[in-house]
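Only one structure is covered here, and it is reproduced in the block below.
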Amino acid sequence: MESRVLFSSQLYFPANQNRDNSIAPSLLAPPSRNALSFSFPSPVYRFAMRIGPPLVKAAPIVAEVDDVSRRDGVIIIRRKKLAVFVSGGGSNFKKIHEGCSVGSVHGDVVLLVTNNKDCGGAEYARSNGIPVLVFPKGKREPSDGLSSTELVDVLREYGVDFVLLAGYLKLIPVELVQAFPKRILNIHPALLPAFGGKGLYGERVHKAVLASGARYSGPTIHFVDEEYDSGRILAQSAVRVNANDTPEELAKRVLREEHKLYVEVVAAMCEERIKWREDGVPLIQSKDSHDEYY
């Protein structure tokens with residue numbers, strides 16, 4: 001049995017009757033307002049770092065307001081609005097959406113953005129009444145897609161708080177990075193900064209890990225900047241590489257960790273538990289003890 005150990009960096013509107021529910025920017029209107037873990041042999045070990053003076057223990061989330069406030073000593077946090085970007089099946093997107101639905105994530109997926117309108121992630125979004133946008137504009141069907149400026153405008157119209165890349169294979173435009181500073185996350189199927197960069201995605205990553213002789217791999221969640229896989233690392237989960245692993249076997253184990261890690265990190269984002277050290281390193285504040293950071 002495996003237990004999980006956390007690493008940190010440095011430390012369509014509701015579905016139409018038609019099958020294609022992708023929507024053009026001119027048809028968009030903001031929707032109505034709606035009223036962490038890792039692999040080593042067991043037992044579980046958790047590494048925490050105490051930073052600064054003790055903080056007040058978290059109070060339960062009971063309502064939503066514009067940002068974060070207190071009412072009669074109770075912390076009140078607005079449900080966050082999430083836009084998820086996918087290119088394929090969208091298994092991480094599905095897990096995040098499920099987390100929102102069952103209440104483990106204090107947010108809602110309000111948009112799905114894809115460069116492939118027929119991918120599995122887009123089909124899942126349509127079946128769950130989540131609007132699907134195409135970005136960037138396609139070469140064959142440019143009328144279906146948005147420009148960078150249009151994309152930013154739509155995200156703002158929907159009041160999106162955080163952008164989550166979940167297997168999105170296109171480079172994020174500078175306009176989007178600048179419009180959502182420290183609010184765009186990506187998940188990569190290896191322990192960055194190794195095995196990252198342009199062209200290293202999917203099975204290529206796992207082949208590179210095996211060819212290197214690395215003993216551990218695992219997902220990395222990082223903030224997005226203008227380059228591939230180079231933003232500040234927020235969380236990592238270690239997965240042992242077995243001696244006779246194939247890329248497919250390693251990919252399955254890493255993906256299982258991705259599903260757990262991404263939901264937990266998104267939950268922390270939605271609960272305002274991402275804190276930044278003075279040197280620019282992002283940390284995750286423990287939900288149970290607010291003087292502990294991971």
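Please note that chains go A, B, ... in the order of the structure tokens, that every chain numbers its residues from 1, and that ligands are numbered from 1 in the order shown.
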Give me the residues near Val224 in chain A as a tab-separated table (two decimals) with all heavy atoms, in the first residue's frame, where near means some atom within 6 Å (using only C-alpha atoms) and where sequence neighbours in that chain fewer than 4 positions away do not count.
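Result saved to part-v4.tsv:
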```
chain	number	residue	atom	x	y	z
A	184	ILE	N	-3.02	31.45	-12.87
A	184	ILE	CA	-3.08	30.39	-13.88
A	184	ILE	C	-2.20	29.24	-13.41
A	184	ILE	O	-1.01	29.41	-13.15
A	184	ILE	CB	-2.61	30.87	-15.26
A	184	ILE	CG1	-3.35	32.14	-15.67
A	184	ILE	CG2	-2.80	29.78	-16.29
A	184	ILE	CD1	-2.86	32.74	-16.99
A	185	LEU	N	-2.78	28.04	-13.31
A	185	LEU	CA	-2.04	26.85	-12.90
A	185	LEU	C	-1.96	25.85	-14.04
A	185	LEU	O	-2.86	25.77	-14.88
A	185	LEU	CB	-2.72	26.17	-11.71
A	185	LEU	CG	-2.69	26.85	-10.35
A	185	LEU	CD1	-3.41	25.99	-9.33
A	185	LEU	CD2	-1.25	27.11	-9.91
A	231	GLY	N	7.14	28.23	-14.83
A	231	GLY	CA	6.62	29.05	-13.75
A	231	GLY	C	6.92	28.48	-12.38
A	231	GLY	O	7.38	27.34	-12.24
```
- Message: Which residues are close to Val152 in chain A, i.e. within 10 Å by only C-alpha atoms, leaving aside same-chain residues fewer than 6 positions away? Reply as number ranges by chain.
- Response: A: 146, 160, 173, 175-180
- Task: List every residue of range 86-274 of chain A that DSSP, applied to the backbone of this structure, assigns to strand (DSSP E or B), and report them as a count of residues only.
- Result: 36
Write out as a PDB file with C-alpha atoms, in the first residue's frame which residues come within 8 Å of range 257-265 of chain A when counting only C-alpha atoms, dropping same-chain ones fewer than 6 positions away.
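Saved result, selection-v2.pdb, follows:
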```pdb
ATOM      1  CA  LEU A  36      -2.487  17.746  -0.650  1.00  0.00           C
ATOM      2  CA  SER A  37      -0.583  14.033  -0.642  1.00  0.00           C
ATOM      3  CA  PHE A  38       2.179  11.834  -2.393  1.00  0.00           C
ATOM      4  CA  SER A  91      -9.535  13.413 -16.828  1.00  0.00           C
ATOM      5  CA  ASN A  92      -8.104  16.058 -14.467  1.00  0.00           C
ATOM      6  CA  LYS A  95     -11.978  15.264 -11.238  1.00  0.00           C
ATOM      7  CA  ILE A  96     -11.953  19.009 -10.553  1.00  0.00           C
ATOM      8  CA  GLY A  99     -14.784  18.071  -6.566  1.00  0.00           C
ATOM      9  CA  VAL A 105     -13.676  22.378  -3.949  1.00  0.00           C
ATOM     10  CA  ILE A 187      -0.130  20.321 -14.148  1.00  0.00           C
ATOM     11  CA  PRO A 189       3.396  14.707 -15.454  1.00  0.00           C
ATOM     12  CA  GLY A 218       5.291  12.335 -10.374  1.00  0.00           C
ATOM     13  CA  PRO A 219       3.106  15.340 -11.122  1.00  0.00           C
ATOM     14  CA  ILE A 221       1.620  21.824 -10.310  1.00  0.00           C
ATOM     15  CA  ALA A 235       3.209  21.356  -5.337  1.00  0.00           C
ATOM     16  CA  GLN A 236       4.652  18.000  -6.323  1.00  0.00           C
ATOM     17  CA  SER A 237       3.845  14.363  -5.600  1.00  0.00           C
ATOM     18  CA  VAL A 239       5.851   8.320  -7.599  1.00  0.00           C
ATOM     19  CA  ILE A 284       0.176  26.098   0.529  1.00  0.00           C
TER      20      ILE A 284
END
```
- Residues of range 100-258 of chain A in helix (DSSP H, G or I) according to DSSP, as a PyMOL selection string? chain A and resi 100-102+120-127+142-144+148-157+174-179+203-212+247-258
- Message: Could you tell me how far CA of Phe223 in chain A sits from CA of Ile77 in chain A, in Å to one decimal place?
- Response: 22.2 Å
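Around Cys119 in chain A, within 10 Å and counting only C-alpha atoms, the residues found are A:Val86, A:Ser87, A:Gly88, A:Gly89, A:Gly90, A:Thr114, A:Asn115, A:Glu123, A:Tyr124, once anything fewer than 4 positions away on its own chain is removed.
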Can you spit out the residues from that selection as a short mmCIF file (atom, residue, chain, number, x, y, z; two decimals), in the first residue's frame, using N, CA and C atoms?
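File produced: selection.cif:
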```cif
data_model
loop_
_atom_site.label_atom_id
_atom_site.label_comp_id
_atom_site.auth_asym_id
_atom_site.auth_seq_id
_atom_site.Cartn_x
_atom_site.Cartn_y
_atom_site.Cartn_z
N VAL A 86 -8.36 22.30 -21.80
CA VAL A 86 -7.99 20.92 -22.12
C VAL A 86 -7.77 20.78 -23.62
N SER A 87 -7.05 19.72 -23.97
CA SER A 87 -6.87 19.37 -25.39
C SER A 87 -7.35 17.96 -25.70
N GLY A 88 -7.50 17.12 -24.67
CA GLY A 88 -7.84 15.72 -24.88
C GLY A 88 -9.01 15.26 -24.02
N GLY A 89 -8.81 14.11 -23.38
CA GLY A 89 -9.88 13.50 -22.61
C GLY A 89 -10.31 14.27 -21.39
N GLY A 90 -9.40 15.04 -20.81
CA GLY A 90 -9.77 15.91 -19.70
C GLY A 90 -10.03 15.19 -18.40
N THR A 114 -10.79 24.88 -25.15
CA THR A 114 -10.07 23.80 -25.81
C THR A 114 -9.61 24.24 -27.19
N ASN A 115 -8.56 23.62 -27.66
CA ASN A 115 -8.13 23.81 -29.05
C ASN A 115 -8.70 22.71 -29.95
N GLU A 123 -16.69 17.21 -24.81
CA GLU A 123 -17.94 16.45 -24.77
C GLU A 123 -18.46 16.36 -23.34
N TYR A 124 -17.58 16.13 -22.40
CA TYR A 124 -17.99 16.05 -20.99
C TYR A 124 -18.56 17.39 -20.53
#
```
- Item | Separation of CA of Glu272 in chain A from CA of Lys81 in chain A, in Å and rounded to one decimal | 13.0 Å
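Across the model, the gap from CA of Arg79 in chain A to CA of Val174 in chain A is 26.9 Å.
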All residues 12 Å or closer to Arg204 in chain A, only C-alpha atoms, same chain fewer than 2 positions away omitted, as a compact mmCIF listing (two decimals) with all heavy atoms, in the first residue's frame:
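Result went into out03.txt, see below:
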```txt
# COMPACT_ATOMS: atom_id res chain seq x y z
N HIS A 188 1.90 19.16 -14.77
CA HIS A 188 2.86 18.51 -15.66
C HIS A 188 3.16 17.13 -15.11
O HIS A 188 3.34 16.97 -13.89
CB HIS A 188 4.14 19.34 -15.74
CG HIS A 188 5.16 18.80 -16.69
ND1 HIS A 188 5.02 18.90 -18.06
CD2 HIS A 188 6.33 18.14 -16.48
CE1 HIS A 188 6.07 18.33 -18.65
NE2 HIS A 188 6.88 17.86 -17.72
N PRO A 189 3.26 16.08 -15.95
CA PRO A 189 3.40 14.71 -15.45
C PRO A 189 4.83 14.28 -15.12
O PRO A 189 5.21 13.13 -15.35
CB PRO A 189 2.82 13.88 -16.60
CG PRO A 189 3.17 14.66 -17.82
CD PRO A 189 3.02 16.12 -17.41
N ALA A 190 5.64 15.18 -14.61
CA ALA A 190 6.99 14.85 -14.15
C ALA A 190 7.40 15.86 -13.09
O ALA A 190 6.73 16.89 -12.90
CB ALA A 190 7.98 14.86 -15.32
N PHE A 195 12.59 17.27 -17.09
CA PHE A 195 11.63 16.68 -18.02
C PHE A 195 10.47 17.64 -18.35
O PHE A 195 9.31 17.24 -18.38
CB PHE A 195 11.07 15.36 -17.46
CG PHE A 195 12.14 14.44 -16.96
CD1 PHE A 195 12.27 14.18 -15.60
CD2 PHE A 195 13.05 13.86 -17.83
CE1 PHE A 195 13.26 13.36 -15.13
CE2 PHE A 195 14.05 13.02 -17.37
CZ PHE A 195 14.16 12.78 -16.00
N GLY A 196 10.81 18.89 -18.56
CA GLY A 196 9.81 19.87 -18.95
C GLY A 196 10.27 20.66 -20.15
O GLY A 196 11.39 20.51 -20.63
N GLY A 197 9.39 21.51 -20.65
CA GLY A 197 9.72 22.35 -21.79
C GLY A 197 8.94 21.98 -23.03
O GLY A 197 8.17 21.01 -23.05
N LYS A 198 9.15 22.73 -24.08
CA LYS A 198 8.43 22.53 -25.33
C LYS A 198 8.67 21.12 -25.86
O LYS A 198 9.81 20.65 -25.93
CB LYS A 198 8.87 23.56 -26.36
CG LYS A 198 8.06 23.51 -27.65
CD LYS A 198 8.46 24.62 -28.61
CE LYS A 198 7.61 24.57 -29.88
NZ LYS A 198 7.96 25.65 -30.83
N GLY A 199 7.61 20.45 -26.24
CA GLY A 199 7.70 19.12 -26.82
C GLY A 199 7.67 17.99 -25.82
O GLY A 199 7.51 16.82 -26.20
N LEU A 200 7.82 18.29 -24.53
CA LEU A 200 7.77 17.26 -23.51
C LEU A 200 6.39 17.24 -22.88
O LEU A 200 6.08 18.01 -21.97
CB LEU A 200 8.86 17.49 -22.46
CG LEU A 200 10.25 16.97 -22.83
CD1 LEU A 200 11.27 17.40 -21.81
CD2 LEU A 200 10.24 15.45 -22.97
N TYR A 201 5.56 16.36 -23.38
CA TYR A 201 4.20 16.20 -22.86
C TYR A 201 3.78 14.75 -23.08
O TYR A 201 4.37 14.01 -23.88
CB TYR A 201 3.22 17.15 -23.57
CG TYR A 201 3.14 16.96 -25.07
CD1 TYR A 201 2.29 16.02 -25.63
CD2 TYR A 201 3.94 17.71 -25.92
CE1 TYR A 201 2.23 15.84 -27.01
CE2 TYR A 201 3.90 17.54 -27.30
CZ TYR A 201 3.03 16.61 -27.83
OH TYR A 201 2.98 16.43 -29.20
N GLY A 202 2.77 14.33 -22.34
CA GLY A 202 2.22 12.99 -22.52
C GLY A 202 3.26 11.89 -22.38
O GLY A 202 4.13 11.93 -21.51
N HIS A 206 7.20 10.48 -19.99
CA HIS A 206 7.46 9.23 -19.27
C HIS A 206 8.60 8.44 -19.93
O HIS A 206 9.40 7.81 -19.23
CB HIS A 206 6.19 8.41 -19.20
CG HIS A 206 5.04 9.16 -18.59
ND1 HIS A 206 5.08 9.64 -17.30
CD2 HIS A 206 3.85 9.56 -19.12
CE1 HIS A 206 3.96 10.28 -17.04
NE2 HIS A 206 3.20 10.26 -18.13
N LYS A 207 8.70 8.50 -21.25
CA LYS A 207 9.84 7.87 -21.93
C LYS A 207 11.15 8.53 -21.51
O LYS A 207 12.15 7.84 -21.28
CB LYS A 207 9.66 7.97 -23.45
CG LYS A 207 8.60 7.03 -24.01
CD LYS A 207 8.51 7.18 -25.53
CE LYS A 207 7.51 6.19 -26.11
NZ LYS A 207 7.39 6.32 -27.60
N ALA A 208 11.13 9.85 -21.41
CA ALA A 208 12.34 10.57 -21.00
C ALA A 208 12.74 10.24 -19.57
O ALA A 208 13.93 10.09 -19.27
CB ALA A 208 12.12 12.08 -21.16
N VAL A 209 11.76 10.11 -18.69
CA VAL A 209 12.05 9.74 -17.30
C VAL A 209 12.70 8.37 -17.24
O VAL A 209 13.73 8.16 -16.57
CB VAL A 209 10.76 9.77 -16.45
CG1 VAL A 209 11.00 9.15 -15.08
CG2 VAL A 209 10.25 11.20 -16.30
N LEU A 210 12.13 7.40 -17.93
CA LEU A 210 12.67 6.04 -17.91
C LEU A 210 14.07 5.99 -18.53
O LEU A 210 14.96 5.31 -18.01
CB LEU A 210 11.73 5.09 -18.65
CG LEU A 210 10.35 4.87 -18.00
CD1 LEU A 210 9.47 4.00 -18.88
CD2 LEU A 210 10.50 4.26 -16.62
N ALA A 211 14.26 6.71 -19.62
CA ALA A 211 15.57 6.71 -20.28
C ALA A 211 16.65 7.34 -19.41
O ALA A 211 17.83 6.99 -19.51
CB ALA A 211 15.48 7.44 -21.61
N THR A 246 7.12 0.30 -18.00
CA THR A 246 6.93 0.80 -19.36
C THR A 246 6.40 2.23 -19.24
O THR A 246 5.87 2.62 -18.18
CB THR A 246 5.91 -0.04 -20.14
OG1 THR A 246 4.62 0.09 -19.51
CG2 THR A 246 6.32 -1.51 -20.16
N PRO A 247 6.49 3.03 -20.30
CA PRO A 247 5.91 4.37 -20.24
C PRO A 247 4.43 4.36 -19.87
O PRO A 247 3.96 5.22 -19.14
CB PRO A 247 6.15 4.92 -21.65
CG PRO A 247 7.34 4.20 -22.14
CD PRO A 247 7.22 2.82 -21.56
N GLU A 248 3.71 3.36 -20.37
CA GLU A 248 2.27 3.27 -20.10
C GLU A 248 2.01 2.98 -18.62
O GLU A 248 1.10 3.58 -18.01
CB GLU A 248 1.64 2.18 -20.96
CG GLU A 248 1.65 2.44 -22.45
CD GLU A 248 3.01 2.19 -23.10
OE1 GLU A 248 3.87 1.54 -22.46
OE2 GLU A 248 3.20 2.65 -24.24
N LEU A 250 4.03 3.60 -16.02
CA LEU A 250 4.40 4.78 -15.23
C LEU A 250 3.35 5.88 -15.39
O LEU A 250 2.97 6.53 -14.40
CB LEU A 250 5.77 5.28 -15.67
CG LEU A 250 6.29 6.52 -14.94
CD1 LEU A 250 6.37 6.29 -13.43
CD2 LEU A 250 7.66 6.93 -15.50
N ALA A 251 2.87 6.08 -16.60
CA ALA A 251 1.87 7.12 -16.85
C ALA A 251 0.61 6.89 -16.02
O ALA A 251 0.03 7.85 -15.49
CB ALA A 251 1.52 7.15 -18.34
```
- Fewer than 5 positions away in the same chain doesn't count, so skip those; otherwise give me all residues within 10 Å of Phe162 in chain A, counting only C-alpha atoms, as a PyMOL selection string. chain A and resi 80-84+107+109+155+180-185+266+269-270
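Proximity to His106 in chain A was assessed for A:Arg277, A:Arg78, A:Lys94, A:Arg126 counting only C-alpha atoms; the smallest distance is recorded for A:Arg78.
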